[in-house]
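> Structure in structure tokens, see below.
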Amino acid sequence: MGVLLLAGGLLGSPPVRALPRNYWNTNYDSLQRTLPQQPTDTARLRTLVQLLDITELSDAQRRQQALPLLDELLSLNQRLPLLNAQPYRHLRTGLGLWVQGGADARAMTELHRAITLFDQAHHPVPKLLIDLAPLYNRMHQSAARLTYFRRQLTYYRLHNYHENAAACYLVLGGSYRHLGDFNQAISCFLHAADLFRHFDRRLYANELMVAGSTYSEWGNHAKAIQYLQQADQLLRHYQLRGLQEVYILNALSRLHRQLGQPAQALRYAELALQAALHDPTNRPTYTAYALVLKSAVLLQQGQLAQAYPLLQRSQQLSDSLHMDISGRPGEFMLDEAWARYYVARQQYALAETHWRIALQKATTSQLNMLRPKLLQELIRFYDARRQPKQAQQYTRIYLTLTDSLVRTQGSFYVAQYEGERQEQAQQAQIARLQQARAVQELRLYHRNLLLGMAAGAVLLLAGLGAVLYWQLRLNRRTLAQLRTTQQQLVAAEKWAFVGEVSAGIAHELQNPLHFMKRFADVSTTMLEQMKQQNQHSQAPAGLEHDIMAGLKQNLQEISQHGTRASSIIRDMLAHSRAGTGPRHPTDLNALVAEQAQLAHQGLQAQDSAAQVSLTLDLAPELPLLALAPPDMGRALLNLLTNAFYAVQQRAQTAEPDYQPQVLVRTRQLGHTVEIRVRDNGLGMSEEVQQQVFQPFFTTKPAGEGTGLGLSLSHDIIEKGHGGRLQVESQPGEYTEFVVTLRA
């Protein structure tokens with residue numbers, strides 16, 4: 001943003017938005033170290049602007065550090081001047097009042113004025129907007145906070161200011177969460193994550209974490225694990241430390257404690273404590289959070305002696321830092337932990353005091369998502385102590401509060417924005433395809449134009465024959481590629497037409513074939529009954545017997561071929577389908593294992609004497625893949641069935657010492673995942689390998705295969721999922737199908 005401001009944005013007309021790619025992801029400490037090294041006042045001023053843009057003012061130490069930076073910026077700009085200093089003057093005044101304390105209302109007014117001036121200059125300030133939230137919290141003005149950020153969000157969405165809109169969604173999500181409206185909260189967090197994804201990876205991971213933590217509080221643990229794991233992967237990939245690391249470890253520890261998994265909860269609490277000790281800036285605050293978290297797990301396990309010193313140390317840190325119940329790493333539930341400790345020690349007076357203190361803090365901070373839980377604990381506490389008057393008093397408070405929360409919360413446990421995100425993703429994919437087609441057409445036009453210019457240049461500039469000859473060869477290769485592409489497109493159109501016709505024919509033939517098979521089966525049954533009657537009546541064998549035997553054989557043939565026709569029709573219908581089903585994150589190993597077992601059970605059902613060894617070598621920790629599980633499962637089942645058939649055919653050759661084996665292996669190779677299905681069956685010749693994925697091609701005897709299984713698998717994997725299906729084989733030794741998918 002410093003680049004665009006110094007180009008004249010704050011002095012006059014709106015600036016051109018030309019931010020560097022990693023502007024918002026710049027490390028604060030690294031940028032601060034480069035400040036003294038700037039060779040000119042202009043470069044120094046640009047660095048100061050960026051430092052202030054990425055400063056997290058919600059941190060007390062960073063607020064102190066920002067004041068001299070603002071003073072230096074105003075002083076430099078007075079000598080140059082290169083930017084409009086008005087918003088920075090209001091920012092300096094408001095920040096000074098915030099640091100001084102006792103004048104929060106005046107500080108808020110000055111910061112609002114600064115943001116208005118930045119907006120008029122088209123200067124994005126997402127960090128400043130985010131940092132207003134803790135000041136609102138300190139003033140206990142949650143309603144005013146909600147109103148202000150709703151209004152700001154409308155303005156930013158109208159003007160397509162995505163950075164500031166992301167900040168508003170973040171703060172609004174926190175506001176709705178405090179009110180207990182988890183539906184609205186999660187929707188806002190996911191909106192913010194989608195926007196931050198394009199310019200700030202730390203806040204992108206942060207919003208996924210908060211969405212997962214809020215899903216956990218809402219009771220949807222599956223969604224909580226999904227988003228927390230996704231955020232954890234981003235943190236490890238980008239090596240993010242500090243608040244995000246402490247927050248996600250705390251959230252995972254709480255989640256496992258709710259799920260009744262104390263070992264995992266204790267492990268994450270220990271990791272949170274280690275992360276806190278390695279943070280030089282916020283070590284005391286993060287340590288206090290981690291100590292409360294670990295003590296809560298120990299109390300759940302009944303280890304009171306081990307929990308007590310942790311609570312004492314956390315209390316000392318809380319008293320020295322004047323920590324509130326709500327902070328940047330989440331909720332600081334020290335009083336709740338003390339209450340549980342004293343209940344376990346049967347010191348009920350002290351337990352009652354801490355339960356009431358925790359409720360009072362949550363009520364003062366307007367944390368409606370905590371108040372129902374604390375009220376429930378107090379009701380249980382008084383009920384266990386046989387104090388009906390107090391239990392009744394807090395029950396009335398609880399019922400009044402829950403009635404108000406029910407009116408604001410949604411009726412579903414999945415936020416409404418989930419569906420909107422899927423629709424947006426589909427629209428974005430369509431837009432990308434349209435853009436790619438336009439780019440391809442433009443490139444084709446340019447290449448044809450270049451070819452014409454090259455031909456004219458040959459006539460005019462014979463001396464450049466060598467260069468032009470090379471250009472002509474390049475253009476010829478390009479034209480050949482275009483012709484190949486055109487032929488493929490024509491073939492694709494033909495197959496689409498064939499698919500439509502096949503679908504119509506299949507639907508028309510399905511019912512007659514069904515009835516033909518049914519009447520054939522009924523006729524066979526009737527002849528069996530007639531045969532049994534003749535046997536009982538001791539009818540002589542003669543011409544009637546021969547006719548009946550022939551008729552029975554014919555009817556069996558009708559049934560057999562009707563079954564085959566139905567099989568062909570089913571595969572034709574599968575081929576004629578347009579695309580695949582909806583995709584969602586899928587555990588590939590589970591899908592492969594399931595289909596392998598189905599194929600193996602199918603072999604046992606056909607031939608109970610078959611002895612085929614099935615080996616699964618599945619790589620651990622594969623990433624979740626965006627797949628359509630029914631379609632991908634059908635493709636894998638076809639490959640596995642083909643493998644079992646191959647080893648069964650070789651087993652029938654009575655080859656000595658032959659052991660039928662099928663091996664299924666998965667592994668990750670960079671940004672792709674590979675599935676290999678290998679059998680030691682009869683193998684394939686080179687000619688068969690070249691035709692194996694063509695529709696209606698089969699090497700099986702007549703009546704045993706339709707020739708559409710591998711073709712269908714090829715379409716599902718390559719056309720439906722953008723992957724690749726290959727075959728490797730050696731006749732008489734093995735056949736291996738290799739599926740490659742993007743991770």
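Here, A, B, ... name the chains of the structure tokens in the order displayed, residue numbers run from 1 inside each chain, and ligands are numbered from 1 in the same displayed order.
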Excluding stretch 143-149 of chain A and any residue of its chain fewer than 5 positions from it, enumerate the residues within 10 Å of it, using only C-alpha atoms, and give them as a list in words.

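What passes the distance filter is His112, Leu129, Ile130, Leu132, Ala133, Pro134, Leu135, Tyr136, Asn137, Thr154, Tyr155, Ala165, Ala167, Cys168, Tyr169, Leu170, Val171, Leu172, Gly173, Gly174, Ser175, Tyr176, Leu179 and Gln366 of chain A.
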
> List every residue of stretch 56-247 of chain A that DSSP, applied to the backbone of this structure, assigns to helix (DSSP H, G or I), and report them as a VMD selection string.

chain A and resid 60 to 79 86 to 100 104 to 120 126 to 138 142 to 158 162 to 179 182 to 196 201 to 218 221 to 238 243 to 247

> Which residue, A:Gln595, A:Gln553, A:Met684, A:Arg634, has the smallest gap to A:Leu712 when you use only C-alpha atoms?

A:Arg634

> Of the candidates A:Leu95, A:Ala337, A:Ala344, A:Val297, which shows the shortest atom-to-atom distance to A:Ala358, using only C-alpha atoms?

A:Ala337

> Using only C-alpha atoms, what does the table of stretch 101-138 of chain A residues within 10 Å of stretch 73-85 of chain A look like, with each row giving the shortest atom pair and its distance in Å to one decimal, sorted by chain and ascending number, as a Markdown table?


| residue | atom | partner | partner_atom | distance |
| --- | --- | --- | --- | --- |
| A:Leu117 | CA | A:Asn84 | CA | 9.6 |
| A:Phe118 | CA | A:Asn84 | CA | 9.8 |
| A:Ala121 | CA | A:Asn84 | CA | 9.0 |

> Which neighbours of A:Asn368 fall inside 9 Å, counting only C-alpha atoms, when residues of the same chain fewer than 4 positions from it are skipped, and could you give them as a list in words?

Arg177, His178, Leu179, Gly180, Asp181, Ala362, Thr363, Pro372, Leu401 and Leu405 of chain A
